[in-house]
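The structure under discussion appears below in the form of structure tokens.
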Amino acid sequence: MISTMFRSDLLFLEKMFPKGNFEKFSILIVNQTDAKRQLKSPYTNVRVINTEERGLPQSRNMAIRNAIGDICLIADDDVLYKEGFESIILQGYIQYSNAAVITFQLEDTEGTLYRKYPNNHVHDNQSIHSVNSVVISFKRKSIIDYNILYNPHFGLGSIFESADEYVFMKDVLKAGLPSYFIPKILLIHSNHSSGRDQGSDRLLYARGALSYKYYGALSYLWVVKYLFFIVRKRYITPKYAFAKAKIAYAGIKKYKSLLKTGEERR
């Protein structure tokens, strides 16, 4: 299920799949675009939804609602799948026959693992911090039956432009759905990621909101702790700490306003 924007041809698919062979896979593309740039598919295995809706979580949700496969894989248009990636996924669901969700690993263009991954194979509240959306697979029926979708307020193009996969996985755990991690690499992704700018205003605003969603009043202390962390790691210099704290607290304030209007629930 590929999320993309303003596409008018399918050439990008050849770059995504091993040896350019995408015709053996069932693919759904959600193309957020305008009336002038419409994407059409001449392939029976490639379905396209052109939409003027905006936001990455909105794109993911449209894909989930319109997917037809038993096992689905979330995707972006800038990944490169490893040879045999589909076998890794299918073997995972044989190994864990009760699984509703299985996540995997990805590596960057230098061949380095994208994140520090957990040792445990059963997901918990700690392990889901390592999850990227593009390595989330799931049984569609389980996700649909429990009405688990991406939160529309978290993710690129939304109010809080981060943590979309974390909130998704939290909802999976909250629903009690069996979810596993398999330490095998599915794909290569560029070193640059919107989720890696630890000291950016965009990320701090989102982290503030996220902390209030899960920690409530303790989120104000969490922000202080996080600021110490990003200063220690040199993502920001100490002189910017106060300004960054204000941004995170603004995220908390905005999230609280969404709670008051009923647009959000903790």
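Residues in the structure tokens are named by chain (A, B, ... in the order shown) and by number from 1 within that chain; ligands are numbered from 1 in the order shown.
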**Study point:** Exercise: stretch 209-216 of chain A partners within 10 Å, only C-alpha atoms, chain neighbours under 5 positions left out, as an MDAnalysis selection string
**Key:** chainID A and resid 153:154 159:160 162:164 166:167 170 203:204 221:223 248:256 259 264:266
Review point. Hey, what's within 12 Å of A:Tyr226 if we count only C-alpha atoms and toss same-chain stuff fewer than 4 positions away? As a list in words, please?
Key: Gln198, Gly199, Leu203, Leu204, Arg207, Gly208, Ser211, Ser219, Tyr220, Leu221, Trp222, Ile230, Val231, Arg232, Lys233, Tyr235, Ile236, Ala241, Lys244, Ala245 and Ala248 of chain A
Point to revise | Test item: residues at most 8 Å from A:Tyr81, only C-alpha atoms, excluding those fewer than 3 positions along its chain, as a VMD selection string | key: chain A and resid 16 to 18 85 186 to 188
Can I get the selected residues back with C-alpha atoms, as a PDB file, in the first residue's frame?
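Saved file part17.pdb follows:
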ATOM      1  CA  MET A  16      11.236   0.242  -5.659  1.00  0.00           C
ATOM      2  CA  PHE A  17      11.249  -3.458  -6.495  1.00  0.00           C
ATOM      3  CA  PRO A  18      14.127  -5.917  -7.115  1.00  0.00           C
ATOM      4  CA  PHE A  85      11.386  -9.532   0.954  1.00  0.00           C
ATOM      5  CA  LEU A 186      12.968  -5.850   4.191  1.00  0.00           C
ATOM      6  CA  LEU A 187      14.200  -2.710   2.487  1.00  0.00           C
ATOM      7  CA  ILE A 188      16.615   0.174   2.074  1.00  0.00           C
TER       8      ILE A 188
END
Exercise for review: Please provide the set of residues having any atom within 9 Å of stretch 134-137 of chain A, restricted to only C-alpha atoms, with same-chain residues fewer than 4 positions apart removed, written as a PyMOL selection string.
Suggested key: chain A and resi 71-76+79+89+100-106+165+185-187
Filtering to C-alpha atoms, could you give me those residues as an mmCIF file, in the first residue's frame?
data_model
loop_
_atom_site.group_PDB
_atom_site.id
_atom_site.type_symbol
_atom_site.label_atom_id
_atom_site.label_comp_id
_atom_site.auth_asym_id
_atom_site.auth_seq_id
_atom_site.Cartn_x
_atom_site.Cartn_y
_atom_site.Cartn_z
ATOM 1 C CA ILE A 71 -1.652 -9.576 4.469
ATOM 2 C CA CYS A 72 -0.787 -5.937 3.808
ATOM 3 C CA LEU A 73 2.483 -3.997 3.866
ATOM 4 C CA ILE A 74 2.635 -0.239 4.391
ATOM 5 C CA ALA A 75 4.903 1.508 1.886
ATOM 6 C CA ASP A 76 6.288 4.833 0.705
ATOM 7 C CA VAL A 79 12.024 2.653 -0.557
ATOM 8 C CA ILE A 89 6.970 -11.566 5.381
ATOM 9 C CA ALA A 100 -2.201 -9.568 13.618
ATOM 10 C CA VAL A 101 0.853 -7.347 13.054
ATOM 11 C CA ILE A 102 4.490 -8.164 12.293
ATOM 12 C CA THR A 103 7.198 -5.536 11.899
ATOM 13 C CA PHE A 104 10.671 -5.927 10.446
ATOM 14 C CA GLN A 105 13.939 -4.031 10.002
ATOM 15 C CA LEU A 106 15.183 -1.580 7.405
ATOM 16 C CA GLU A 165 3.554 4.797 13.469
ATOM 17 C CA ILE A 185 15.716 -6.535 6.725
ATOM 18 C CA LEU A 186 12.968 -5.850 4.191
ATOM 19 C CA LEU A 187 14.200 -2.710 2.487
#
**Study point:** Residue nearest A:Asn66 - candidates A:Phe138, A:Val48, A:Met169, A:Glu263, atoms counted: only C-alpha atoms
**Key:**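 The answer is A:Val48, which sits nearest to A:Asn66.
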Practice item. Please identify which residues in stretch 51-258 of chain A DSSP calls alpha helix (DSSP H) from the backbone, and express them as an MDAnalysis selection string. Key: chainID A and resid 56:66 85:95 140:145 164:174 201:215 219:232 241:258
Check your understanding: With only C-alpha atoms as the basis for distance, which of A:Lys139, A:His129, A:Lys260, A:Arg234 is at the shortest distance from A:Tyr96?
Key -> A:Lys139
Review point. When distances are computed from only C-alpha atoms, which of A:Ser179, A:Ser87, A:Thr44, A:Ser3 shows the smallest separation from A:Ser142?
Key: A:Ser179
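With only C-alpha atoms as the basis for measurement, A:Tyr150 is the residue among A:Tyr150, A:Tyr205, A:Phe181, A:Tyr117 that approaches A:Ser59 most closely.
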**Study point:** Close residues, A:Ser8 itself excluded, 6 Å, only C-alpha atoms, min 6 positions apart in chain, as a PyMOL selection string
**Key:** chain A and resi 37-39
Exercise for review: Just the residues within 12 Å of A:Gly157, please, counting only C-alpha atoms, with nothing from its chain fewer than 4 positions along; format it as a PyMOL selection string.
Suggested key: chain A and resi 5+32+53-59+152-153+161-162+164+194+202+206
Practice item. Just the strand (DSSP E or B) stuff from stretch 51-233 of chain A, please, per backbone DSSP, written as number ranges by chain. Key: A: 51, 71-73, 75-76, 80-81, 101-108, 113, 122, 136-139, 154, 160, 179-189
Check your understanding: Quick one: distance from atom CA of A:Ile148 to atom CA of A:Leu177 in Å, one decimal?
Key -> 10.4 Å
